[in-house]
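File shown: data.txt. Contents: compact mmCIF, C-alpha atoms.
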# COMPACT_ATOMS: atom_id res chain seq x y z
CA MET A 1 99.33 48.12 20.32
CA SER A 2 96.07 47.57 18.56
CA ASP A 3 96.31 45.49 15.45
CA ILE A 4 94.61 46.92 12.41
CA HIS A 5 95.45 43.82 10.37
CA THR A 6 93.32 41.43 12.37
CA TYR A 7 91.19 40.38 9.39
CA GLU A 8 93.90 40.17 6.75
CA GLY A 9 94.61 36.46 7.30
CA ALA A 10 91.02 35.30 6.97
CA PRO A 11 89.27 37.16 4.16
CA GLU A 12 85.53 37.39 4.69
CA ALA A 13 83.25 35.84 2.15
CA GLU A 14 81.56 37.85 -0.54
CA PHE A 15 78.13 37.00 -1.85
CA ARG A 16 79.62 35.24 -4.85
CA ASP A 17 81.47 32.82 -2.56
CA TYR A 18 78.13 31.51 -1.36
CA VAL A 19 76.96 31.31 -4.96
CA ALA A 20 80.12 29.34 -5.77
CA LEU A 21 79.15 26.82 -3.06
CA LEU A 22 76.12 25.92 -5.16
CA LYS A 23 78.32 24.87 -8.12
CA PRO A 24 76.69 27.13 -10.73
CA ARG A 25 78.26 25.28 -13.67
CA VAL A 26 76.77 21.96 -12.62
CA MET A 27 73.52 23.84 -11.99
CA SER A 28 73.36 25.01 -15.61
CA LEU A 29 73.23 21.38 -16.81
CA VAL A 30 70.57 20.60 -14.19
CA VAL A 31 68.49 23.60 -15.29
CA PHE A 32 68.64 22.62 -18.94
CA THR A 33 67.87 18.90 -18.58
CA ALA A 34 65.16 19.47 -15.94
CA PHE A 35 63.53 22.08 -18.17
CA VAL A 36 63.53 19.76 -21.19
CA GLY A 37 62.10 16.90 -19.09
CA LEU A 38 59.34 19.17 -17.85
CA TRP A 39 58.56 20.85 -21.15
CA ILE A 40 58.32 17.79 -23.39
CA ALA A 41 56.06 15.92 -20.93
CA PRO A 42 52.56 15.24 -22.27
CA GLN A 43 50.77 17.28 -19.55
CA PRO A 44 50.91 21.02 -20.18
CA ILE A 45 52.07 23.16 -17.27
CA HIS A 46 51.67 26.89 -16.67
CA PRO A 47 54.88 28.66 -17.84
CA PHE A 48 55.39 30.39 -14.49
CA LEU A 49 54.95 27.12 -12.60
CA ALA A 50 57.45 25.55 -15.00
CA PHE A 51 59.89 28.37 -14.23
CA CYS A 52 59.42 27.91 -10.46
CA ALA A 53 59.79 24.13 -10.73
CA VAL A 54 63.06 24.39 -12.68
CA LEU A 55 64.32 27.06 -10.27
CA PHE A 56 63.69 24.88 -7.22
CA ILE A 57 65.14 21.78 -8.86
CA ALA A 58 68.27 23.85 -9.58
CA LEU A 59 68.29 25.14 -6.01
CA GLY A 60 68.07 21.58 -4.72
CA GLY A 61 71.00 20.68 -6.98
CA GLY A 62 72.89 23.68 -5.59
CA ALA A 63 72.14 22.57 -2.04
CA SER A 64 73.60 19.14 -2.72
CA GLY A 65 76.63 20.90 -4.24
CA ALA A 66 77.12 22.84 -0.99
CA LEU A 67 76.83 19.62 1.04
CA ASN A 68 79.37 18.02 -1.30
CA MET A 69 81.79 20.91 -0.81
CA TRP A 70 81.34 20.68 2.96
CA TYR A 71 82.18 16.98 3.05
CA ASP A 72 84.91 17.07 0.39
CA ALA A 73 86.78 20.13 1.71
CA ASP A 74 89.75 17.91 2.66
CA ILE A 75 90.00 16.49 -0.88
CA ASP A 76 89.50 19.91 -2.47
CA ALA A 77 92.38 21.33 -0.41
CA VAL A 78 94.77 18.74 -1.88
CA MET A 79 93.89 18.98 -5.58
CA ARG A 80 95.09 21.97 -7.52
CA ARG A 81 91.88 22.44 -9.57
CA THR A 82 89.74 22.77 -6.44
CA GLN A 83 92.07 24.61 -4.04
CA GLY A 84 90.42 27.94 -4.82
CA ARG A 85 86.95 26.80 -3.75
CA PRO A 86 85.36 28.81 -0.91
CA ILE A 87 86.05 26.32 1.91
CA PRO A 88 89.67 25.27 1.14
CA SER A 89 90.60 28.92 0.57
CA GLY A 90 89.19 29.82 4.00
CA ARG A 91 86.54 32.32 2.89
CA VAL A 92 83.58 30.19 4.02
CA SER A 93 83.68 27.83 6.99
CA GLY A 94 82.65 24.21 6.62
CA ALA A 95 79.83 24.66 9.13
CA GLU A 96 78.41 27.53 7.09
CA ALA A 97 78.40 25.41 3.95
CA LEU A 98 76.69 22.57 5.81
CA GLY A 99 74.06 24.97 7.16
CA LEU A 100 73.45 26.53 3.77
CA GLY A 101 73.21 23.10 2.12
CA ILE A 102 70.68 21.75 4.63
CA ALA A 103 68.59 24.93 4.67
CA LEU A 104 68.42 25.16 0.88
CA SER A 105 67.62 21.44 0.61
CA GLY A 106 64.60 21.85 2.87
CA LEU A 107 63.50 25.05 1.16
CA SER A 108 63.82 23.72 -2.37
CA VAL A 109 61.95 20.47 -1.60
CA MET A 110 59.07 22.25 0.17
CA MET A 111 58.78 24.91 -2.52
CA LEU A 112 58.85 22.32 -5.32
CA GLY A 113 56.07 20.45 -3.53
CA LEU A 114 53.98 23.62 -3.36
CA ALA A 115 54.75 24.75 -6.91
CA ALA A 116 54.43 21.37 -8.66
CA ASN A 117 53.52 18.23 -6.73
CA TRP A 118 54.74 16.17 -3.79
CA PHE A 119 55.93 13.23 -5.87
CA ALA A 120 58.39 15.52 -7.65
CA ALA A 121 59.37 17.05 -4.30
CA GLY A 122 60.05 13.61 -2.83
CA PHE A 123 62.08 12.76 -5.92
CA LEU A 124 64.15 15.92 -5.45
CA ALA A 125 64.72 15.06 -1.78
CA PHE A 126 65.86 11.59 -2.81
CA THR A 127 68.23 13.05 -5.41
CA ILE A 128 69.82 15.39 -2.85
CA PHE A 129 70.19 12.48 -0.43
CA PHE A 130 71.64 10.30 -3.19
CA TYR A 131 74.25 12.85 -4.26
CA ALA A 132 75.23 14.18 -0.83
CA VAL A 133 75.09 10.98 1.22
CA VAL A 134 75.15 7.89 -1.04
CA TYR A 135 77.68 9.33 -3.52
CA THR A 136 79.75 11.90 -1.60
CA ILE A 137 79.84 10.36 1.87
CA TRP A 138 79.49 6.63 1.28
CA LEU A 139 80.85 5.61 -2.09
CA LYS A 140 83.08 8.27 -3.65
CA ARG A 141 86.15 7.37 -1.59
CA TRP A 142 85.48 3.69 -1.57
CA THR A 143 85.00 2.42 -5.12
CA PRO A 144 86.42 3.28 -8.56
CA GLN A 145 82.82 2.99 -9.80
CA ASN A 146 82.16 6.33 -8.01
CA ILE A 147 81.76 8.07 -11.38
CA VAL A 148 78.95 5.69 -12.34
CA ILE A 149 77.11 6.35 -9.06
CA GLY A 150 77.63 10.10 -9.29
CA GLY A 151 76.25 9.90 -12.83
CA ALA A 152 72.96 8.57 -11.46
CA ALA A 153 72.57 11.69 -9.33
CA GLY A 154 73.20 13.85 -12.39
CA ALA A 155 70.68 11.83 -14.40
CA PHE A 156 67.73 12.43 -12.07
CA PRO A 157 66.92 16.10 -12.99
CA PRO A 158 65.10 15.36 -16.30
CA MET A 159 63.06 12.72 -14.44
CA ILE A 160 62.17 15.27 -11.74
CA GLY A 161 61.18 17.76 -14.44
CA TRP A 162 58.98 15.11 -16.07
CA ALA A 163 57.48 14.27 -12.65
CA CYS A 164 56.65 17.97 -12.09
CA ALA A 165 54.40 17.92 -15.15
CA THR A 166 53.01 14.39 -15.02
CA GLY A 167 53.22 13.51 -11.33
CA GLY A 168 54.96 10.23 -12.04
CA VAL A 169 57.58 8.20 -13.87
CA SER A 170 57.27 6.70 -17.34
CA LEU A 171 59.33 5.03 -20.02
CA GLU A 172 60.37 8.35 -21.58
CA SER A 173 61.66 9.74 -18.30
CA LEU A 174 63.53 6.50 -17.54
CA LEU A 175 65.19 6.66 -20.96
CA MET A 176 66.23 10.28 -20.37
CA PHE A 177 67.76 9.03 -17.12
CA ALA A 178 69.61 6.29 -19.02
CA LEU A 179 70.89 8.82 -21.56
CA ILE A 180 72.74 10.83 -18.90
CA PHE A 181 73.53 7.86 -16.67
CA PHE A 182 75.47 5.93 -19.33
CA TRP A 183 76.95 9.09 -20.81
CA THR A 184 78.63 10.25 -17.56
CA PRO A 185 81.29 7.51 -17.17
CA PRO A 186 82.87 7.87 -20.64
CA HIS A 187 82.67 11.66 -20.27
CA PHE A 188 84.58 11.72 -16.96
CA TRP A 189 86.99 8.90 -17.68
CA ALA A 190 88.08 10.62 -20.90
CA LEU A 191 88.79 13.69 -18.77
CA ALA A 192 90.67 11.54 -16.26
CA LEU A 193 92.86 10.15 -19.07
CA PHE A 194 94.29 13.54 -20.00
CA MET A 195 93.89 15.63 -16.83
CA LYS A 196 95.95 13.26 -14.68
CA GLU A 197 94.88 14.88 -11.44
CA ASP A 198 96.24 13.58 -8.23
CA TYR A 199 93.07 11.84 -7.07
CA HIS A 200 95.30 9.19 -5.56
CA LYS A 201 96.97 11.69 -3.24
CA ALA A 202 93.52 12.94 -2.25
CA GLY A 203 92.40 9.39 -1.46
CA VAL A 204 89.77 9.12 -4.21
CA PRO A 205 89.94 5.84 -6.14
CA MET A 206 89.90 6.65 -9.86
CA LEU A 207 89.62 3.92 -12.44
CA THR A 208 92.75 5.21 -14.19
CA VAL A 209 94.75 4.62 -11.00
CA THR A 210 93.12 1.50 -9.56
CA HIS A 211 92.70 -0.52 -12.76
CA GLY A 212 95.10 1.21 -15.12
CA ARG A 213 94.66 3.39 -18.15
CA ALA A 214 94.19 0.50 -20.60
CA ALA A 215 91.22 -0.76 -18.56
CA THR A 216 89.80 2.77 -18.51
CA ARG A 217 89.97 2.87 -22.33
CA ARG A 218 88.02 -0.41 -22.51
CA HIS A 219 85.43 0.93 -20.08
CA ILE A 220 84.93 4.10 -22.15
CA PHE A 221 84.33 2.13 -25.34
CA ALA A 222 81.97 -0.32 -23.58
CA TYR A 223 79.85 2.52 -22.21
CA THR A 224 79.52 4.19 -25.63
CA LEU A 225 78.13 0.85 -26.91
CA VAL A 226 75.66 0.55 -24.03
CA LEU A 227 74.59 4.17 -24.32
CA ALA A 228 73.66 4.14 -28.03
CA PRO A 229 70.61 1.80 -27.86
CA PHE A 230 69.04 3.87 -25.08
CA ALA A 231 69.50 7.09 -27.05
CA ILE A 232 67.87 5.49 -30.12
CA TRP A 233 65.11 3.89 -28.03
CA LEU A 234 64.19 7.32 -26.65
CA GLY A 235 63.65 8.38 -30.27
CA LEU A 236 61.09 5.58 -30.72
CA THR A 237 58.92 6.75 -27.79
CA PRO A 238 56.17 9.38 -28.15
CA VAL A 239 58.63 12.20 -27.35
CA GLY A 240 60.82 11.22 -30.33
CA GLY A 241 60.60 12.19 -33.97
CA PRO A 242 62.57 12.33 -37.20
CA LEU A 243 64.78 15.24 -36.10
CA TYR A 244 65.68 13.64 -32.77
CA MET A 245 66.34 10.33 -34.54
CA ALA A 246 68.70 11.96 -37.04
CA VAL A 247 70.59 13.78 -34.27
CA ALA A 248 70.79 10.64 -32.12
CA VAL A 249 72.06 8.42 -34.94
CA VAL A 250 74.78 10.87 -35.96
CA LEU A 251 75.92 11.68 -32.41
CA ASN A 252 75.99 8.05 -31.30
CA ALA A 253 77.93 7.00 -34.39
CA LEU A 254 80.47 9.73 -33.63
CA PHE A 255 80.56 8.78 -29.96
CA ILE A 256 81.15 5.09 -30.64
CA HIS A 257 83.78 5.99 -33.23
CA GLY A 258 85.51 8.24 -30.66
CA GLY A 259 85.35 5.47 -28.05
CA TRP A 260 86.81 3.02 -30.58
CA ARG A 261 89.73 5.36 -31.31
CA ILE A 262 90.42 5.75 -27.60
CA LEU A 263 90.33 1.96 -27.20
CA ARG A 264 92.80 1.34 -30.04
CA ARG A 265 95.42 3.78 -28.77
CA SER A 266 98.24 2.86 -26.46
CA GLU A 267 99.33 5.25 -23.76
CA ASP A 268 102.53 6.02 -25.74
CA GLN A 269 100.57 7.00 -28.84
CA ALA A 270 98.30 9.19 -26.71
CA GLN A 271 101.24 10.91 -25.06
CA ALA A 272 102.89 11.48 -28.44
CA ASP A 273 100.01 13.64 -29.70
CA GLY A 274 99.18 15.24 -26.36
CA TYR A 275 96.00 13.19 -25.79
CA GLY A 276 94.38 14.67 -28.90
CA ALA A 277 91.79 11.92 -29.39
CA GLU A 278 90.86 11.93 -25.70
CA ARG A 279 90.42 15.71 -25.69
CA ARG A 280 88.29 15.59 -28.86
CA PHE A 281 86.16 12.82 -27.35
CA PHE A 282 85.65 14.87 -24.18
CA LYS A 283 84.59 17.89 -26.22
CA LEU A 284 82.23 15.72 -28.26
CA SER A 285 80.72 14.37 -25.04
CA LEU A 286 79.81 17.91 -23.98
CA TYR A 287 77.93 18.42 -27.25
CA TYR A 288 76.43 14.94 -26.99
CA THR A 289 74.07 15.58 -24.06
CA PHE A 290 73.40 19.18 -24.97
CA LEU A 291 72.37 18.34 -28.54
CA HIS A 292 70.28 15.32 -27.55
CA PHE A 293 68.23 17.39 -25.13
CA LEU A 294 68.07 20.33 -27.51
CA ALA A 295 66.79 17.95 -30.20
CA LEU A 296 64.08 16.70 -27.81
CA LEU A 297 63.04 20.30 -27.18
CA VAL A 298 62.96 21.27 -30.88
CA GLN A 299 61.21 18.01 -31.77
CA HIS A 300 58.53 18.82 -29.21
CA GLY A 301 58.04 22.21 -30.87
CA MET A 302 57.93 20.67 -34.36
CA GLY A 303 55.59 17.88 -33.33
CA THR A 304 56.58 14.34 -32.43
CA TRP A 305 55.84 11.01 -34.15
CA MET B 1 99.91 58.04 9.77
CA VAL B 2 96.55 59.66 10.29
CA MET B 3 93.67 57.60 8.97
CA PRO B 4 90.23 59.15 8.89
CA LEU B 5 87.67 57.04 10.71
CA ASN B 6 85.34 57.01 7.74
CA ASN B 7 87.95 55.35 5.59
CA GLU B 8 86.41 52.19 4.21
CA HIS B 9 88.24 48.94 4.65
CA GLU B 10 88.07 46.39 1.83
CA LEU B 11 86.25 44.21 4.36
CA HIS B 12 83.25 46.51 4.27
CA GLY B 13 82.90 46.00 0.55
CA ARG B 14 82.72 42.25 1.11
CA ARG B 15 80.09 42.68 3.81
CA ARG B 16 78.06 45.00 1.59
CA SER B 17 78.19 42.45 -1.21
CA ARG B 18 76.72 39.84 1.16
CA ASN B 19 74.06 42.16 2.54
CA VAL B 20 72.90 43.47 -0.82
CA GLY B 21 72.99 39.99 -2.34
CA LEU B 22 70.93 38.44 0.44
CA GLY B 23 68.51 41.39 0.36
CA LEU B 24 67.91 40.93 -3.36
CA VAL B 25 67.43 37.18 -2.90
CA LEU B 26 64.83 37.75 -0.16
CA VAL B 27 62.93 40.39 -2.16
CA GLY B 28 63.02 38.06 -5.16
CA PHE B 29 61.68 35.19 -3.05
CA VAL B 30 58.78 37.31 -1.78
CA ALA B 31 57.92 38.31 -5.35
CA LEU B 32 58.16 34.67 -6.43
CA VAL B 33 55.83 33.39 -3.72
CA PHE B 34 53.35 36.17 -4.50
CA ALA B 35 53.37 35.36 -8.23
CA LEU B 36 53.07 31.65 -7.42
CA THR B 37 50.02 32.39 -5.28
CA VAL B 38 48.39 34.42 -8.05
CA VAL B 39 48.96 31.67 -10.60
CA LYS B 40 47.70 28.92 -8.26
CA VAL B 41 44.56 30.87 -7.35
CA ARG B 42 43.79 31.68 -10.97
CA GLN B 43 44.09 28.02 -11.90
CA GLY B 44 41.05 27.54 -9.67
CA ASP B 45 42.15 24.46 -7.76
CA SER B 46 40.43 23.75 -4.45
CA LEU B 47 41.70 26.17 -1.84
CA GLU B 48 39.87 24.54 1.04
CA ALA B 49 41.64 22.43 3.60
CA PHE B 50 40.63 20.75 6.85
CA ASP B 51 39.23 23.31 9.26
CA HIS B 52 38.59 21.27 12.43
CA GLN B 53 35.11 20.37 11.26
CA PRO B 54 34.20 17.99 8.45
CA ARG B 55 32.62 19.65 5.46
CA VAL B 56 30.98 17.89 2.54
CA SER B 57 32.81 20.09 0.05
CA ILE B 58 36.21 18.65 0.98
CA LEU B 59 35.21 15.03 1.58
CA PRO B 60 36.25 12.49 -1.08
CA ARG B 61 33.59 12.10 -3.74
CA ASP B 62 31.17 9.22 -3.26
CA GLU B 63 30.35 8.27 -6.84
CA ALA B 64 27.52 5.85 -5.97
CA ALA B 65 25.61 8.36 -3.87
CA GLU B 66 26.12 11.11 -6.42
CA ALA B 67 24.92 9.17 -9.44
CA PRO B 68 21.21 10.10 -9.21
CA ALA B 69 22.01 13.69 -8.23
CA ALA B 70 24.29 14.13 -11.25
CA GLN B 71 21.39 14.98 -13.57
CA ALA B 72 19.70 17.25 -11.06
CA PRO B 73 20.37 21.01 -11.25
CA ALA B 74 23.22 22.34 -9.13
CA ALA B 75 20.83 24.26 -6.86
CA VAL B 76 19.64 21.02 -5.28
CA GLU B 77 23.06 20.29 -3.78
CA PRO B 78 22.66 22.22 -0.49
CA ALA B 79 19.54 20.19 0.20
CA THR B 80 21.37 16.89 -0.19
CA GLU B 81 24.04 18.22 2.14
CA GLU B 82 21.42 18.72 4.86
CA ALA B 83 19.91 15.35 4.18
CA GLN B 84 23.23 13.64 4.91
CA GLN B 85 23.58 15.27 8.33
Just dump the structure as structure tokens.
Amino acid sequence: MSDIHTYEGAPEAEFRDYVALLKPRVMSLVVFTAFVGLWIAPQPIHPFLAFCAVLFIALGGGASGALNMWYDADIDAVMRRTQGRPIPSGRVSGAEALGLGIALSGLSVMMLGLAANWFAAGFLAFTIFFYAVVYTIWLKRWTPQNIVIGGAAGAFPPMIGWACATGGVSLESLLMFALIFFWTPPHFWALALFMKEDYHKAGVPMLTVTHGRAATRRHIFAYTLVLAPFAIWLGLTPVGGPLYMAVAVVLNALFIHGGWRILRRSEDQAQADGYGAERRFFKLSLYYTFLHFLALLVQHGMGTW
Amino acid sequence: MVMPLNNEHELHGRRRSRNVGLGLVLVGFVALVFALTVVKVRQGDSLEAFDHQPRVSILPRDEAAEAPAAQAPAAVEPATEEAQQ
């Protein structure tokens, strides 16, 4: 008898499954920070070229997301939050994700080179390599500092945007890097404190598991202290101004205060109020980057120092 | 149970979503490259590249040799080109 249910077990992918491989939510952060980096740079750039540059930076970020999903499919299948992703759910094969990731990497780098310049294109290629190979393949499963290394990959987009306009690196772009780089660890570790995902079962060393939750609290507070001077320093460069300074001072005071509260709590206190302080800190951290970069953008429109 | 052959399986909807999606992406890419070309050409950057024969117009500028010619009118330039050959 012919079987009309041949395909029922393995649902075919829809277009949106391939879009999901590119991690659109991560992409939105990349788009925003890359755009700000590009727009506030001293060299003016044609608006359409700016649009193309941001698009291809985002596509490069999406390509590295697909490569990450290809390599991490085994981890994603174990953790509840990621079980519905295209590869663990069987809609897209691992080989397809790998192919898509490599093809889009090549395309985005070449197109960025043609639209902007080859320094920015090389920088994008390095970022994809850093996220897909250095972070995902080499270090993520090996060290509890994986979050710090992953943060570097996330901190490159504003530098690439800046490089698209200026063709190089400068103090301002390095400080934008530092802003995201030192922000990422407290952001993710606060999440790790209250999400309690089974990274251990998946074989990913998380600071909360390897060094304990008290050590994680100390790390969070330490990073908020390290982060603040860089955020203020960025305000003293030519891209800064009174508005950015005001935003940076308020947000960093709040961030350090939040880190301090997390440090002073014991695990019992945190459990008693359902990780309220940790959740508030995480929410604040989302506003933290968004408002800093928004302030840079508005400051640029208002006129800088 | 009699099933008409033109009955559409849910699978076909998924395939259509892929086909239409990829089609739109490709059309969008063509439009993007065209617009990029228009913008690049209008910016007036050099469009010449190596064409299997050295040409003065794409050689790196020799500031020392150009210094006296800088004040001369532009029409003289073809003559200097011949003089170099």
ask   = Which is closer to B:His12 than all the others in A:Asp268, A:Glu14, A:Glu278, A:Asp72, using all atoms listed in the file?
value =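 Of A:Asp268, A:Glu14, A:Glu278, A:Asp72, the one nearest B:His12, counting all atoms listed in the file, is A:Glu14.
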ask   = Which residues, written as number ranges by chain, have at least one atom at most 12 Å from stretch 196-203 of chain A, with all atoms listed in the file counted and residues fewer than 5 positions away on the same chain left out?
value = A: 72-83, 140-144, 188-191, 208-210, 213, 271, 275
task = With all atoms listed in the file counted, which protein, DNA or RNA residues have an atom no more than 6 Å from (67.8, 24.6, -0.3) in the file frame? Please answer as a ChimeraX atom specification.
result = /A:59-60,63,103-108
At a cut-off of 12 Å, using only C-alpha atoms, what residues contact A:Ala125? Leave out same-chain residues fewer than 5 positions from it and give the result as a PDB file with C-alpha atoms, keeping the file's coordinate frame.
ATOM      1  CA  PHE A  56      63.690  24.880  -7.220  1.00  0.00           C
ATOM      2  CA  ILE A  57      65.140  21.780  -8.860  1.00  0.00           C
ATOM      3  CA  LEU A  59      68.290  25.140  -6.010  1.00  0.00           C
ATOM      4  CA  GLY A  60      68.070  21.580  -4.720  1.00  0.00           C
ATOM      5  CA  GLY A  61      71.000  20.680  -6.980  1.00  0.00           C
ATOM      6  CA  ALA A  63      72.140  22.570  -2.040  1.00  0.00           C
ATOM      7  CA  SER A  64      73.600  19.140  -2.720  1.00  0.00           C
ATOM      8  CA  ILE A 102      70.680  21.750   4.630  1.00  0.00           C
ATOM      9  CA  LEU A 104      68.420  25.160   0.880  1.00  0.00           C
ATOM     10  CA  SER A 105      67.620  21.440   0.610  1.00  0.00           C
ATOM     11  CA  GLY A 106      64.600  21.850   2.870  1.00  0.00           C
ATOM     12  CA  LEU A 107      63.500  25.050   1.160  1.00  0.00           C
ATOM     13  CA  SER A 108      63.820  23.720  -2.370  1.00  0.00           C
ATOM     14  CA  VAL A 109      61.950  20.470  -1.600  1.00  0.00           C
ATOM     15  CA  MET A 110      59.070  22.250   0.170  1.00  0.00           C
ATOM     16  CA  MET A 111      58.780  24.910  -2.520  1.00  0.00           C
ATOM     17  CA  LEU A 112      58.850  22.320  -5.320  1.00  0.00           C
ATOM     18  CA  GLY A 113      56.070  20.450  -3.530  1.00  0.00           C
ATOM     19  CA  TRP A 118      54.740  16.170  -3.790  1.00  0.00           C
ATOM     20  CA  PHE A 119      55.930  13.230  -5.870  1.00  0.00           C
ATOM     21  CA  ALA A 120      58.390  15.520  -7.650  1.00  0.00           C
ATOM     22  CA  PHE A 130      71.640  10.300  -3.190  1.00  0.00           C
ATOM     23  CA  TYR A 131      74.250  12.850  -4.260  1.00  0.00           C
ATOM     24  CA  ALA A 132      75.230  14.180  -0.830  1.00  0.00           C
ATOM     25  CA  VAL A 133      75.090  10.980   1.220  1.00  0.00           C
ATOM     26  CA  ALA A 153      72.570  11.690  -9.330  1.00  0.00           C
ATOM     27  CA  PHE A 156      67.730  12.430 -12.070  1.00  0.00           C
ATOM     28  CA  PRO A 157      66.920  16.100 -12.990  1.00  0.00           C
ATOM     29  CA  ILE A 160      62.170  15.270 -11.740  1.00  0.00           C
TER      30      ILE A 160
END
query = If we count all atoms listed in the file, which residues of chain B reach to within 7 Å of chain A? Please list them as JSON, numbers by chain.
reply = {"B": [11, 14, 15, 17, 18, 21]}
query = Between A:Leu100, A:Cys164, A:Ala277, A:Ile147, which is the closest to A:Phe35 once you count all atoms listed in the file?
reply =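 Closest to A:Phe35 of all the choices is A:Cys164.
Taking only C-alpha atoms, the non-local environment of A:Leu243 within 10 Å (same-chain residues fewer than 5 positions away omitted) comprises Gly235, Ala248, Ala295, Leu296, Val298, Gln299, His300, Met302, Gly303 and Thr304 of chain A.
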For the residues in that selection, give me C-alpha atoms as an mmCIF file, in the frame of the given file.
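Heads up, here's the output in result-v5.cif:
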data_model
loop_
_atom_site.group_PDB
_atom_site.id
_atom_site.type_symbol
_atom_site.label_atom_id
_atom_site.label_comp_id
_atom_site.auth_asym_id
_atom_site.auth_seq_id
_atom_site.Cartn_x
_atom_site.Cartn_y
_atom_site.Cartn_z
ATOM 1 C CA GLY A 235 63.650 8.380 -30.270
ATOM 2 C CA ALA A 248 70.790 10.640 -32.120
ATOM 3 C CA ALA A 295 66.790 17.950 -30.200
ATOM 4 C CA LEU A 296 64.080 16.700 -27.810
ATOM 5 C CA VAL A 298 62.960 21.270 -30.880
ATOM 6 C CA GLN A 299 61.210 18.010 -31.770
ATOM 7 C CA HIS A 300 58.530 18.820 -29.210
ATOM 8 C CA MET A 302 57.930 20.670 -34.360
ATOM 9 C CA GLY A 303 55.590 17.880 -33.330
ATOM 10 C CA THR A 304 56.580 14.340 -32.430
#
query = Could you state the separation of atom CA of A:His187 and atom CA of A:Ile87 in Å, given to one decimal place?
reply =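 Between atom CA of A:His187 and atom CA of A:Ile87 the gap works out to 26.8 Å.
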query = Any idea what's packed within 10 Å of A:His257, counting all atoms listed in the file, ignoring anything in its chain fewer than 6 positions away? Could you give it as number ranges by chain?
reply = A: 221, 224-225, 251, 263, 281
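One distance worth recording is that between atom CA of A:Ala152 and atom CA of A:Phe181, which is 5.3 Å.
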remark   = note - atom CA of A:Ser28 and atom CA of A:Gly65 are separated by 12.5 Å
request  = Have a look at A:Ala163, A:Ala192, A:Leu284, A:Val54 and name the one nearest to A:Gly259; count all atoms listed in the file.
outcome  =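 With all atoms listed in the file as the atom set, the closest residue is A:Leu284.
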